[in-house]
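Trainee: Below is a structure I'd like to ask you about.
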Amino acid sequence: MEKSRCRKQLAFSLLFGLWFTCCLAQTTPSNTATPAPTPSPSPKPQTERIKIRLTGYPRKHNEGRIELFYKGEWGTICDDDFSIANANVLCRQLGFVSATGWTHSAKYGKGQGKIWLDNVLCNGGEKSIEFCKSRGWGNSDCTHDEDAGVVCKDERIPGFVDSNVIDAHVDENKVEEVRLRPVVALAKKRLPITEGVVEVKHKDGWAQICDLGWTIKNTRVVCGMLGFPHEKKVNKNFYKRLKKRAAEKVSRPKVNVSAGGRPTSKAKANAKSKQSSPGKRLYLERQKSYFHVHSVACTGTEVHLAACPLEFSKPNATSTCAGGTAAVVSCMPGPLFMQSSAIKKKLKTSSNVRLKGGARVGEGRVEVLKNNEWGTVCDDRWNLQSASVVCRELGFGSAKEALTGARMGQGMGPIYMNEVKCLGQEKSIWNCPFKNITSEDCQHMEDAAVRCNVPYLGLENSIRIAGGRSSYEGRVEVQVGSKWGTVCSTGWTTNEAMVVCRQLGLGYAMHSINETWYWDSSNVTEMVMSGVKCTGSEMSLSQCQHHKTVSCQKSAAKFAAGVICSETASDLVLNASLVQQTVYIEDRPLHMLYCAAEEDCLSKSAAKANWPYGHRRLLRFSSQIHNIGRADFKPKAGRHSWVWHACHGHYHSMDIFTHYDLLNANGTKVAEGHKASFCLEDTDCQEGVSKRYECANFGDQGITVGCWDLYRHDIDCQWIDITDVKPGNYIFQIVINPNHEVPESDFTNNGMKCNCKYDGHRIWLHNCHTGDAFSEEAERRFEKYPGQLNNQVS
């Protein structure tokens, strides 16, 4: 009897020790009997594209020490035999058009680790530095005192996106990926997964981490990688109770017996079914859990688990996690990903930091608020720690990439910060040390940006595009319930296309397509969604308004909605200060306005005037429209469909390019004007950028990145006809690309508003600003400008 009791206690103890990691997670080691050996970095094939970056200090975003990522390790290039031809090849690999110079003797500081190349000899035409002659990879007689650098021409190759990125380059042979495996069945059905057993991916599959010495700092790093800004303490009592119940159920299986004392066939089936559940099956098979990592010692500021000190499992180890079990973490999502609306209201993100110009959620140009006006951050010394502080305060995880060189487009306002030096634990970027700058220190071509880790929501699994010539274009197909089908193209615009491209992770919408007959059809023909209306900021098409029951006038497959996506987009913004500086009133004789009347640039009352006698009172101004995006702005229609206007002797590439409006205090228009894009061209460009578009001789129309199109105050239709406007206080408003005919990375900055005061003889503009330049508080004050409410001259 005593021996039997001892055996039961021993069995229970063994089960109790093995239960947790067995029932909480499934692992996939190559050999479940013994732990796998510690993986060593394996050389990557030479056919794999070489990574390249600029680093060092002091430097601008287009210069620095050259470092190459080869065989899993960053290294430098020796300056022996270095030339401008070498620099040209390297600069083009980085996305710049050419090199203007190169440096020797570690001008940007000494690198560390390998010196990968020496005696490099390029002819200048190679596509990559790896195709140039050299002594071979890793064969060098140099020291890091001889590290080479380059100075690139600050002009981007059009459409080039893979450059100026500071990402978390860690040894991925140690930890490639991290995930949470939820324990509770209900949690497995919800996304994002916020709590579970930590598992790391390596070449042998998925494995667990031993929780001996596990700290909340480790949890912070894991949560940040998974897109969560905050960590929570795990409810250990819950897991203890779960462990106890699992042990009891496995140790006391129920078996129904027949009259003869044998298990019935039904009981056998039930027992087999119960044993097939993950926890019990692992229990009964006594499968050992594989712990790839034995201990983790993060400081909490790392952006990747592989950047923390790690102790890996040793070959032929007798115990995988003696005295411990699998590490479990719990994370707190940001408000955007919070499922509980009650908790979401309590969670607040920063009101003085924002991201602009990004295609995906959690990425964009970093902008900060000071004195009620938004400005940018210069990229000098911009790194992952500073970028992570921004990401977390905005409700995302740690930074996946820190981007330099205006990779998310250029800002237009002031530049407030330079050389930001966050440690990683700060609550806001405003708590980090930084330098106040002058215009000589930085320009907007050096605006810093981020890509943040965001929680996995699986949104891309319920939508796809098919039939296009590439993976960036096709018929939009969505999953409703278990059924896949097309989307009605009635009312399908750029806003809806933007959401589709964002949901698929394909960047921005370049075109919204209303007829897709010219693309290859798929076997999906049924229409499952109609009446789609998006604001353009949604994360998925299902979040947009749409009909409950499908109703589409053109339900044939050839009229299904489609998209063409692009990794880059233009971004137009008006120079608000120039409008304020150039405004004036002109009384223009009617006999000089025939062409303007033909193009509908005068108010309706002009038709009743006594032509050609009399005049019209015009509010005139200049407008300078900048393209601060990452792709050229081009008219949607090709030149074959441009309309010739004989009166002015020019083509119109867009019927309406801008709206000019004068509004009263209630937002009602009291006067309006519009401008057709008769000549979209590069009037001038910032230093280092070449003009590409010119209207002369039926040339291509557009605005190049880094250039602007100037509409002078003295050209036709560059006005608002205020002949019928009474004296008072108004809001003067300009909107570029008002119908979103051409996609842009950011439409919120397309508008410009000014306080306008008109006394019947003179006119003044005050507080001119783009639509997103001021804080909400300042915008409210703007709307309540003195005299605005009673519409009288004050």
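Residues are referred to by chain and number: the chain letter is A, B, ... according to the order shown in the structure tokens, the number counts from 1 in that chain, and ligands are numbered separately from 1 in the order shown.
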Give me the residues near A:His230 as a PyMOL selection string, where near means some atom within 7 Å (using only C-alpha atoms) and where sequence neighbours in that chain fewer than 4 positions away do not count.
Mentor: chain A and resi 220+223+331-333
Trainee: Output N, CA, C and O atoms for every residue in that selection, as an mmCIF file, in the first residue's frame.
Mentor:
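Here's the written file selection.cif:
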data_model
loop_
_atom_site.group_PDB
_atom_site.id
_atom_site.type_symbol
_atom_site.label_atom_id
_atom_site.label_comp_id
_atom_site.auth_asym_id
_atom_site.auth_seq_id
_atom_site.Cartn_x
_atom_site.Cartn_y
_atom_site.Cartn_z
ATOM 1 N N ARG A 220 9.112 43.911 -21.513
ATOM 2 C CA ARG A 220 8.992 45.177 -22.238
ATOM 3 C C ARG A 220 9.551 45.067 -23.644
ATOM 4 O O ARG A 220 8.958 45.560 -24.613
ATOM 5 N N CYS A 223 7.202 42.788 -25.780
ATOM 6 C CA CYS A 223 5.982 43.518 -26.126
ATOM 7 C C CYS A 223 6.262 44.570 -27.201
ATOM 8 O O CYS A 223 5.466 44.749 -28.129
ATOM 9 N N CYS A 331 0.945 41.863 -22.547
ATOM 10 C CA CYS A 331 1.201 43.194 -23.108
ATOM 11 C C CYS A 331 -0.077 44.022 -23.144
ATOM 12 O O CYS A 331 -1.181 43.490 -23.204
ATOM 13 N N MET A 332 0.104 45.331 -23.147
ATOM 14 C CA MET A 332 -1.019 46.276 -23.222
ATOM 15 C C MET A 332 -0.975 46.977 -24.575
ATOM 16 O O MET A 332 -0.032 47.700 -24.877
ATOM 17 N N PRO A 333 -1.983 46.769 -25.425
ATOM 18 C CA PRO A 333 -1.981 47.428 -26.735
ATOM 19 C C PRO A 333 -2.286 48.907 -26.627
ATOM 20 O O PRO A 333 -2.836 49.385 -25.624
#
Trainee: Per residue of stretch 612-661 of chain A within 12 Å of stretch 401-411 of chain A, what are the shortest atom pair and its distance in Å to one decimal, counting only C-alpha atoms, with rows by chain and residue number, as CSV?
Mentor:
residue,atom,partner,partner_atom,distance
A:His626,CA,A:Gln410,CA,10.0
A:Asn627,CA,A:Gln410,CA,8.7
A:Ile628,CA,A:Gln410,CA,5.0
A:Gly629,CA,A:Gly409,CA,4.5
A:Arg630,CA,A:Gly409,CA,5.8
A:Ala631,CA,A:Gly409,CA,9.3
A:Asp632,CA,A:Gly409,CA,11.7
Trainee: Keeping only N, CA and C atoms, take the residues you just selected and write them out as a JSON list (two decimals), in the first residue's frame.
Mentor:
[["chain", "number", "residue", "atom", "x", "y", "z"],
["A", 626, "HIS", "N", 4.33, 73.20, -53.60],
["A", 626, "HIS", "CA", 5.51, 72.35, -53.46],
["A", 626, "HIS", "C", 5.12, 70.88, -53.48],
["A", 627, "ASN", "N", 5.97, 70.07, -54.07],
["A", 627, "ASN", "CA", 5.83, 68.61, -53.96],
["A", 627, "ASN", "C", 6.85, 68.12, -52.94],
["A", 628, "ILE", "N", 6.38, 67.80, -51.73],
["A", 628, "ILE", "CA", 7.29, 67.37, -50.66],
["A", 628, "ILE", "C", 7.22, 65.86, -50.45],
["A", 629, "GLY", "N", 6.59, 65.15, -51.39],
["A", 629, "GLY", "CA", 6.43, 63.70, -51.26],
["A", 629, "GLY", "C", 7.63, 62.93, -51.76],
["A", 630, "ARG", "N", 7.38, 61.69, -52.18],
["A", 630, "ARG", "CA", 8.47, 60.82, -52.64],
["A", 630, "ARG", "C", 8.27, 60.35, -54.08],
["A", 631, "ALA", "N", 7.27, 60.90, -54.76],
["A", 631, "ALA", "CA", 7.04, 60.59, -56.17],
["A", 631, "ALA", "C", 6.55, 61.85, -56.87],
["A", 632, "ASP", "N", 6.82, 61.96, -58.16],
["A", 632, "ASP", "CA", 6.40, 63.13, -58.91],
["A", 632, "ASP", "C", 4.87, 63.20, -58.98]]
Trainee: Env of A:Ala607: 12 Å cut, atoms = only C-alpha atoms, seq-sep filter 4 positions within chain, self excluded. Answer as a list of chain:residue names.
Mentor: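 That gives A:Leu590, A:Leu593, A:Tyr594, A:Ala596, A:Ala597, A:Glu598, A:Asp600, A:Cys601, A:Leu602, A:Ser603, A:Trp611, A:Pro612, A:Arg616.
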Trainee: Looking only at the backbone, which of the residues in stretch 431-494 of chain A does DSSP tag as helix (DSSP H, G or I), as a PyMOL selection string?
Mentor: chain A and resi 431+444-446+459-462+494
Trainee: How about saving the chosen residues, N, CA, C and O atoms kept, as an mmCIF file, in the first residue's frame?
Mentor:
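Produced file out-v4.cif, reproduced below:
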data_model
loop_
_atom_site.group_PDB
_atom_site.id
_atom_site.type_symbol
_atom_site.label_atom_id
_atom_site.label_comp_id
_atom_site.auth_asym_id
_atom_site.auth_seq_id
_atom_site.Cartn_x
_atom_site.Cartn_y
_atom_site.Cartn_z
ATOM 1 N N ASN A 431 11.291 64.556 -23.620
ATOM 2 C CA ASN A 431 12.086 64.316 -22.414
ATOM 3 C C ASN A 431 13.531 63.945 -22.731
ATOM 4 O O ASN A 431 14.334 63.778 -21.823
ATOM 5 N N HIS A 444 14.796 70.617 -44.593
ATOM 6 C CA HIS A 444 13.738 69.615 -44.555
ATOM 7 C C HIS A 444 14.083 68.341 -45.329
ATOM 8 O O HIS A 444 13.422 67.321 -45.152
ATOM 9 N N MET A 445 15.102 68.376 -46.144
ATOM 10 C CA MET A 445 15.535 67.148 -46.814
ATOM 11 C C MET A 445 16.204 66.187 -45.814
ATOM 12 O O MET A 445 16.549 65.060 -46.169
ATOM 13 N N GLU A 446 16.365 66.647 -44.570
ATOM 14 C CA GLU A 446 16.942 65.812 -43.519
ATOM 15 C C GLU A 446 15.917 65.443 -42.444
ATOM 16 O O GLU A 446 16.281 65.059 -41.341
ATOM 17 N N LEU A 459 -5.271 41.478 -41.040
ATOM 18 C CA LEU A 459 -6.210 42.152 -41.938
ATOM 19 C C LEU A 459 -5.982 41.790 -43.394
ATOM 20 O O LEU A 459 -6.920 41.801 -44.197
ATOM 21 N N GLU A 460 -4.737 41.454 -43.738
ATOM 22 C CA GLU A 460 -4.437 41.144 -45.134
ATOM 23 C C GLU A 460 -5.009 39.806 -45.586
ATOM 24 O O GLU A 460 -5.043 39.504 -46.784
ATOM 25 N N ASN A 461 -5.501 39.011 -44.629
ATOM 26 C CA ASN A 461 -6.023 37.689 -44.983
ATOM 27 C C ASN A 461 -7.443 37.736 -45.539
ATOM 28 O O ASN A 461 -7.920 36.737 -46.086
ATOM 29 N N SER A 462 -8.116 38.874 -45.385
ATOM 30 C CA SER A 462 -9.504 38.957 -45.842
ATOM 31 C C SER A 462 -9.654 39.787 -47.116
ATOM 32 O O SER A 462 -10.763 40.162 -47.492
ATOM 33 N N THR A 494 -10.258 57.338 -54.946
ATOM 34 C CA THR A 494 -8.900 57.233 -54.391
ATOM 35 C C THR A 494 -8.932 56.860 -52.914
ATOM 36 O O THR A 494 -8.069 56.099 -52.443
#
Trainee: Give the answer as one residue: which of A:Gly688, A:Phe238, A:Leu336, A:Arg464 has the shortest atom-to-atom distance to A:Ser98, using only C-alpha atoms?
Mentor: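 Between A:Gly688, A:Phe238, A:Leu336, A:Arg464, the residue approaching A:Ser98 most closely is A:Gly688.
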Trainee: Residues near A:Gly667, anyone? I mean within 10 Å using only C-alpha atoms, not counting same-chain ones fewer than 5 positions away, as a PyMOL selection string.
Mentor: chain A and resi 662+730-731+783
Trainee: Restrict the selected residues to C-alpha atoms and save them as a PDB file, in the first residue's frame.
Mentor:
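As a result, result.pdb now contains:
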ATOM      1  CA  LEU A 662     -14.141  82.986 -49.339  1.00  0.00           C
ATOM      2  CA  TYR A 730     -14.078  86.085 -43.584  1.00  0.00           C
ATOM      3  CA  ILE A 731     -12.008  82.946 -43.979  1.00  0.00           C
ATOM      4  CA  GLU A 783     -12.194  80.035 -36.133  1.00  0.00           C
TER       5      GLU A 783
END
Trainee: Could you check which of A:Lys427, A:His713, A:His61, A:His766 is closest to A:Asn729, using only C-alpha atoms?
Mentor: A:His766
Trainee: To one decimal place in Å, what is the distance between atom CA of A:Lys133 and atom CA of A:Asn86?
Mentor: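 Answer for the atom CA of A:Lys133 to atom CA of A:Asn86 separation: 10.2 Å.
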Trainee: Quick one: distance from atom CA of A:Pro414 to atom CA of A:Leu663 in Å, one decimal?
Mentor: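 About the pair atom CA of A:Pro414 and atom CA of A:Leu663: they are 28.1 Å apart.
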Trainee: Let me make sure I understand: among A:Phe747, A:Phe337, A:Phe291, A:Phe732, which one has the smallest atom-to-atom distance to A:Gly205 if we use only C-alpha atoms?
Mentor: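 Looking at the shortest contact to A:Gly205, the residue is A:Phe291.
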Trainee: Could you make a table, as a tab-separated table, of the residues of stretch 519-580 of chain A that have an atom within 10 Å of an atom of stretch 351-374 of chain A, each with its nearest atom pair and distance in Å to one decimal, counting only C-alpha atoms, in chain and number order?
Mentor:
residue	atom	partner	partner_atom	distance
A:Ser537	CA	A:Val361	CA	9.1
A:Glu538	CA	A:Val361	CA	9.3
A:Met539	CA	A:Val361	CA	7.4
A:Ser566	CA	A:Ala359	CA	9.5
A:Glu567	CA	A:Ala359	CA	7.9
A:Thr568	CA	A:Ala359	CA	8.3
A:Ala569	CA	A:Ala359	CA	8.9
A:Ser570	CA	A:Gly357	CA	9.6
A:Asp571	CA	A:Gly357	CA	8.0
Trainee: Tell me which protein, DNA and RNA residues are within 10 Å of stretch 110-113 of chain A, counting only C-alpha atoms, leaving out same-chain ones fewer than 4 positions away, and put them as a PDB file with all heavy atoms, in the first residue's frame.
Mentor:
ATOM      1  N   THR A  55      26.969  55.526 -42.049  1.00  0.00           N
ATOM      2  CA  THR A  55      26.963  55.699 -40.598  1.00  0.00           C
ATOM      3  C   THR A  55      28.121  56.595 -40.199  1.00  0.00           C
ATOM      4  O   THR A  55      28.828  57.140 -41.045  1.00  0.00           O
ATOM      5  CB  THR A  55      27.028  54.330 -39.893  1.00  0.00           C
ATOM      6  OG1 THR A  55      26.855  54.495 -38.496  1.00  0.00           O
ATOM      7  CG2 THR A  55      28.344  53.631 -40.177  1.00  0.00           C
ATOM      8  N   GLY A  56      28.338  56.752 -38.897  1.00  0.00           N
ATOM      9  CA  GLY A  56      29.414  57.602 -38.404  1.00  0.00           C
ATOM     10  C   GLY A  56      28.905  58.962 -37.963  1.00  0.00           C
ATOM     11  O   GLY A  56      27.715  59.275 -38.044  1.00  0.00           O
ATOM     12  N   TYR A  57      29.833  59.783 -37.495  1.00  0.00           N
ATOM     13  CA  TYR A  57      29.488  61.114 -36.991  1.00  0.00           C
ATOM     14  C   TYR A  57      30.743  61.976 -36.971  1.00  0.00           C
ATOM     15  O   TYR A  57      31.840  61.465 -36.719  1.00  0.00           O
ATOM     16  CB  TYR A  57      28.911  61.001 -35.570  1.00  0.00           C
ATOM     17  CG  TYR A  57      28.437  62.305 -35.024  1.00  0.00           C
ATOM     18  CD1 TYR A  57      27.182  62.804 -35.376  1.00  0.00           C
ATOM     19  CD2 TYR A  57      29.241  63.070 -34.187  1.00  0.00           C
ATOM     20  CE1 TYR A  57      26.749  64.023 -34.903  1.00  0.00           C
ATOM     21  CE2 TYR A  57      28.807  64.300 -33.703  1.00  0.00           C
ATOM     22  CZ  TYR A  57      27.556  64.768 -34.065  1.00  0.00           C
ATOM     23  OH  TYR A  57      27.124  65.971 -33.594  1.00  0.00           O
ATOM     24  N   ARG A  65      30.413  57.006 -43.252  1.00  0.00           N
ATOM     25  CA  ARG A  65      31.254  55.823 -43.404  1.00  0.00           C
ATOM     26  C   ARG A  65      30.435  54.722 -44.073  1.00  0.00           C
ATOM     27  O   ARG A  65      29.286  54.474 -43.722  1.00  0.00           O
ATOM     28  CB  ARG A  65      31.740  55.360 -42.038  1.00  0.00           C
ATOM     29  CG  ARG A  65      32.658  54.125 -42.079  1.00  0.00           C
ATOM     30  CD  ARG A  65      33.179  53.776 -40.701  1.00  0.00           C
ATOM     31  NE  ARG A  65      32.129  53.330 -39.796  1.00  0.00           N
ATOM     32  CZ  ARG A  65      31.728  54.005 -38.732  1.00  0.00           C
ATOM     33  NH1 ARG A  65      32.293  55.165 -38.437  1.00  0.00           N
ATOM     34  NH2 ARG A  65      30.776  53.545 -37.952  1.00  0.00           N
ATOM     35  N   ILE A  66      31.026  54.065 -45.065  1.00  0.00           N
ATOM     36  CA  ILE A  66      30.345  52.981 -45.770  1.00  0.00           C
ATOM     37  C   ILE A  66      30.466  51.692 -44.965  1.00  0.00           C
ATOM     38  O   ILE A  66      31.570  51.302 -44.555  1.00  0.00           O
ATOM     39  CB  ILE A  66      30.951  52.771 -47.170  1.00  0.00           C
ATOM     40  CG1 ILE A  66      30.469  53.859 -48.117  1.00  0.00           C
ATOM     41  CG2 ILE A  66      30.571  51.410 -47.728  1.00  0.00           C
ATOM     42  CD1 ILE A  66      29.004  53.746 -48.485  1.00  0.00           C
ATOM     43  N   GLU A  67      29.338  51.032 -44.732  1.00  0.00           N
ATOM     44  CA  GLU A  67      29.338  49.722 -44.092  1.00  0.00           C
ATOM     45  C   GLU A  67      28.507  48.750 -44.912  1.00  0.00           C
ATOM     46  O   GLU A  67      27.439  49.112 -45.441  1.00  0.00           O
ATOM     47  CB  GLU A  67      28.808  49.823 -42.662  1.00  0.00           C
ATOM     48  CG  GLU A  67      29.731  50.614 -41.740  1.00  0.00           C
ATOM     49  CD  GLU A  67      29.393  50.451 -40.267  1.00  0.00           C
ATOM     50  OE1 GLU A  67      28.359  49.827 -39.967  1.00  0.00           O
ATOM     51  OE2 GLU A  67      30.179  50.936 -39.425  1.00  0.00           O
ATOM     52  N   GLU A  73      27.089  39.926 -40.874  1.00  0.00           N
ATOM     53  CA  GLU A  73      27.897  40.840 -40.057  1.00  0.00           C
ATOM     54  C   GLU A  73      28.178  42.130 -40.822  1.00  0.00           C
ATOM     55  O   GLU A  73      28.420  42.120 -42.031  1.00  0.00           O
ATOM     56  CB  GLU A  73      29.220  40.160 -39.691  1.00  0.00           C
ATOM     57  CG  GLU A  73      30.071  40.939 -38.713  1.00  0.00           C
ATOM     58  CD  GLU A  73      31.333  40.181 -38.330  1.00  0.00           C
ATOM     59  OE1 GLU A  73      31.430  38.977 -38.668  1.00  0.00           O
ATOM     60  OE2 GLU A  73      32.211  40.788 -37.696  1.00  0.00           O
ATOM     61  N   TRP A  74      28.105  43.263 -40.084  1.00  0.00           N
ATOM     62  CA  TRP A  74      28.443  44.546 -40.685  1.00  0.00           C
ATOM     63  C   TRP A  74      29.956  44.762 -40.675  1.00  0.00           C
ATOM     64  O   TRP A  74      30.643  44.403 -39.716  1.00  0.00           O
ATOM     65  CB  TRP A  74      27.779  45.689 -39.913  1.00  0.00           C
ATOM     66  CG  TRP A  74      26.313  45.815 -40.197  1.00  0.00           C
ATOM     67  CD1 TRP A  74      25.289  45.392 -39.432  1.00  0.00           C
ATOM     68  CD2 TRP A  74      25.720  46.406 -41.358  1.00  0.00           C
ATOM     69  NE1 TRP A  74      24.085  45.670 -40.030  1.00  0.00           N
ATOM     70  CE2 TRP A  74      24.321  46.303 -41.218  1.00  0.00           C
ATOM     71  CE3 TRP A  74      26.230  47.021 -42.508  1.00  0.00           C
ATOM     72  CZ2 TRP A  74      23.424  46.777 -42.175  1.00  0.00           C
ATOM     73  CZ3 TRP A  74      25.335  47.508 -43.460  1.00  0.00           C
ATOM     74  CH2 TRP A  74      23.956  47.384 -43.292  1.00  0.00           C
ATOM     75  N   GLY A  75      30.453  45.339 -41.759  1.00  0.00           N
ATOM     76  CA  GLY A  75      31.874  45.633 -41.861  1.00  0.00           C
ATOM     77  C   GLY A  75      32.117  46.828 -42.757  1.00  0.00           C
ATOM     78  O   GLY A  75      31.187  47.365 -43.376  1.00  0.00           O
ATOM     79  N   THR A  76      33.366  47.269 -42.850  1.00  0.00           N
ATOM     80  CA  THR A  76      33.706  48.500 -43.563  1.00  0.00           C
ATOM     81  C   THR A  76      34.478  48.200 -44.845  1.00  0.00           C
ATOM     82  O   THR A  76      34.715  47.043 -45.200  1.00  0.00           O
ATOM     83  CB  THR A  76      34.545  49.417 -42.663  1.00  0.00           C
ATOM     84  OG1 THR A  76      35.765  48.742 -42.320  1.00  0.00           O
ATOM     85  CG2 THR A  76      33.790  49.758 -41.382  1.00  0.00           C
ATOM     86  N   ILE A  77      34.871  49.274 -45.551  1.00  0.00           N
ATOM     87  CA  ILE A  77      35.712  49.179 -46.751  1.00  0.00           C
ATOM     88  C   ILE A  77      36.978  49.981 -46.494  1.00  0.00           C
ATOM     89  O   ILE A  77      36.918  51.123 -46.013  1.00  0.00           O
ATOM     90  CB  ILE A  77      34.979  49.746 -47.984  1.00  0.00           C
ATOM     91  CG1 ILE A  77      33.687  48.963 -48.258  1.00  0.00           C
ATOM     92  CG2 ILE A  77      35.880  49.707 -49.215  1.00  0.00           C
ATOM     93  CD1 ILE A  77      32.892  49.489 -49.443  1.00  0.00           C
ATOM     94  N   SER A 105      40.737  57.746 -44.347  1.00  0.00           N
ATOM     95  CA  SER A 105      41.278  57.834 -42.984  1.00  0.00           C
ATOM     96  C   SER A 105      40.212  57.996 -41.918  1.00  0.00           C
ATOM     97  O   SER A 105      40.368  58.758 -40.971  1.00  0.00           O
ATOM     98  CB  SER A 105      42.285  59.005 -42.887  1.00  0.00           C
ATOM     99  OG  SER A 105      43.299  58.861 -43.856  1.00  0.00           O
ATOM    100  N   ALA A 106      39.096  57.273 -42.094  1.00  0.00           N
ATOM    101  CA  ALA A 106      38.028  57.218 -41.080  1.00  0.00           C
ATOM    102  C   ALA A 106      37.529  58.604 -40.674  1.00  0.00           C
ATOM    103  O   ALA A 106      37.427  58.930 -39.493  1.00  0.00           O
ATOM    104  CB  ALA A 106      38.507  56.433 -39.855  1.00  0.00           C
ATOM    105  N   THR A 143      43.566  48.627 -41.164  1.00  0.00           N
ATOM    106  CA  THR A 143      42.941  48.791 -39.853  1.00  0.00           C
ATOM    107  C   THR A 143      41.743  49.738 -40.034  1.00  0.00           C
ATOM    108  O   THR A 143      41.569  50.346 -41.095  1.00  0.00           O
ATOM    109  CB  THR A 143      43.911  49.397 -38.835  1.00  0.00           C
ATOM    110  OG1 THR A 143      44.217  50.751 -39.229  1.00  0.00           O
ATOM    111  CG2 THR A 143      45.209  48.572 -38.769  1.00  0.00           C
ATOM    112  N   HIS A 144      40.962  49.894 -38.985  1.00  0.00           N
ATOM    113  CA  HIS A 144      39.797  50.769 -39.097  1.00  0.00           C
ATOM    114  C   HIS A 144      40.166  52.248 -39.150  1.00  0.00           C
ATOM    115  O   HIS A 144      39.289  53.100 -39.380  1.00  0.00           O
ATOM    116  CB  HIS A 144      38.816  50.508 -37.941  1.00  0.00           C
ATOM    117  CG  HIS A 144      37.995  49.274 -38.138  1.00  0.00           C
ATOM    118  ND1 HIS A 144      37.087  49.147 -39.164  1.00  0.00           N
ATOM    119  CD2 HIS A 144      37.957  48.099 -37.462  1.00  0.00           C
ATOM    120  CE1 HIS A 144      36.502  47.957 -39.104  1.00  0.00           C
ATOM    121  NE2 HIS A 144      37.020  47.296 -38.078  1.00  0.00           N
ATOM    122  N   ASP A 145      41.448  52.573 -38.979  1.00  0.00           N
ATOM    123  CA  ASP A 145      41.900  53.944 -39.200  1.00  0.00           C
ATOM    124  C   ASP A 145      41.814  54.326 -40.674  1.00  0.00           C
ATOM    125  O   ASP A 145      41.932  55.502 -41.029  1.00  0.00           O
ATOM    126  CB  ASP A 145      43.347  54.113 -38.733  1.00  0.00           C
ATOM    127  CG  ASP A 145      43.462  54.041 -37.221  1.00  0.00           C
ATOM    128  OD1 ASP A 145      42.674  54.732 -36.554  1.00  0.00           O
ATOM    129  OD2 ASP A 145      44.306  53.286 -36.717  1.00  0.00           O
ATOM    130  N   GLU A 146      41.612  53.325 -41.540  1.00  0.00           N
ATOM    131  CA  GLU A 146      41.586  53.559 -42.990  1.00  0.00           C
ATOM    132  C   GLU A 146      40.189  53.349 -43.581  1.00  0.00           C
ATOM    133  O   GLU A 146      40.048  53.142 -44.784  1.00  0.00           O
ATOM    134  CB  GLU A 146      42.581  52.615 -43.680  1.00  0.00           C
ATOM    135  CG  GLU A 146      44.007  52.759 -43.182  1.00  0.00           C
ATOM    136  CD  GLU A 146      44.899  51.624 -43.673  1.00  0.00           C
ATOM    137  OE1 GLU A 146      45.371  51.698 -44.828  1.00  0.00           O
ATOM    138  OE2 GLU A 146      45.102  50.658 -42.918  1.00  0.00           O
ATOM    139  N   ASP A 147      39.154  53.415 -42.747  1.00  0.00           N
ATOM    140  CA  ASP A 147      37.794  53.220 -43.240  1.00  0.00           C
ATOM    141  C   ASP A 147      37.394  54.306 -44.235  1.00  0.00           C
ATOM    142  O   ASP A 147      37.588  55.499 -43.984  1.00  0.00           O
ATOM    143  CB  ASP A 147      36.795  53.211 -42.074  1.00  0.00           C
ATOM    144  CG  ASP A 147      36.858  51.907 -41.288  1.00  0.00           C
ATOM    145  OD1 ASP A 147      37.390  50.909 -41.826  1.00  0.00           O
ATOM    146  OD2 ASP A 147      36.369  51.883 -40.143  1.00  0.00           O
ATOM    147  N   ALA A 148      36.795  53.883 -45.351  1.00  0.00           N
ATOM    148  CA  ALA A 148      36.390  54.805 -46.416  1.00  0.00           C
ATOM    149  C   ALA A 148      34.978  55.328 -46.179  1.00  0.00           C
ATOM    150  O   ALA A 148      34.138  54.660 -45.569  1.00  0.00           O
ATOM    151  CB  ALA A 148      36.455  54.103 -47.767  1.00  0.00           C
TER     152      ALA A 148
END
Trainee: Can you list, as number ranges by chain, every protein, DNA or RNA residue that comes within 9 Å of A:Met225 when you count only C-alpha atoms, leaving out same-chain residues fewer than 6 positions away?
Mentor: A: 178, 303-305, 397-400, 453-455
Trainee: Select, from A:His650, A:Arg92, A:Lys691, A:Arg712, the residue with the minimum atom-to-atom distance to A:Cys679, counting only C-alpha atoms.
Mentor: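 Comparing A:His650, A:Arg92, A:Lys691, A:Arg712 against A:Cys679, the winner is A:His650.
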Trainee: To one decimal in Å, tell me the separation between atom CA of A:Ser134 and atom CA of A:Gly109.
Mentor: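 Interatomic distance, atom CA of A:Ser134 to atom CA of A:Gly109: 23.0 Å.
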Trainee: In terms of the shortest atom-to-atom distance over only C-alpha atoms, which of A:Ile585, A:Cys422, A:Met592, A:Val476 is closest to A:Leu541?
Mentor: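 Of all the options, A:Val476 lies closest to A:Leu541.
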Trainee: Where does DSSP see strand (DSSP E or B) in stretch 320-565 of chain A, if you list the residues as a PyMOL selection string?
Mentor: chain A and resi 326+328-332+353-356+363-370+373-378+399-403+415-418+435+447+449-452+463-467+473-480+483-488+508-513+527-529+533+545+560+562-565
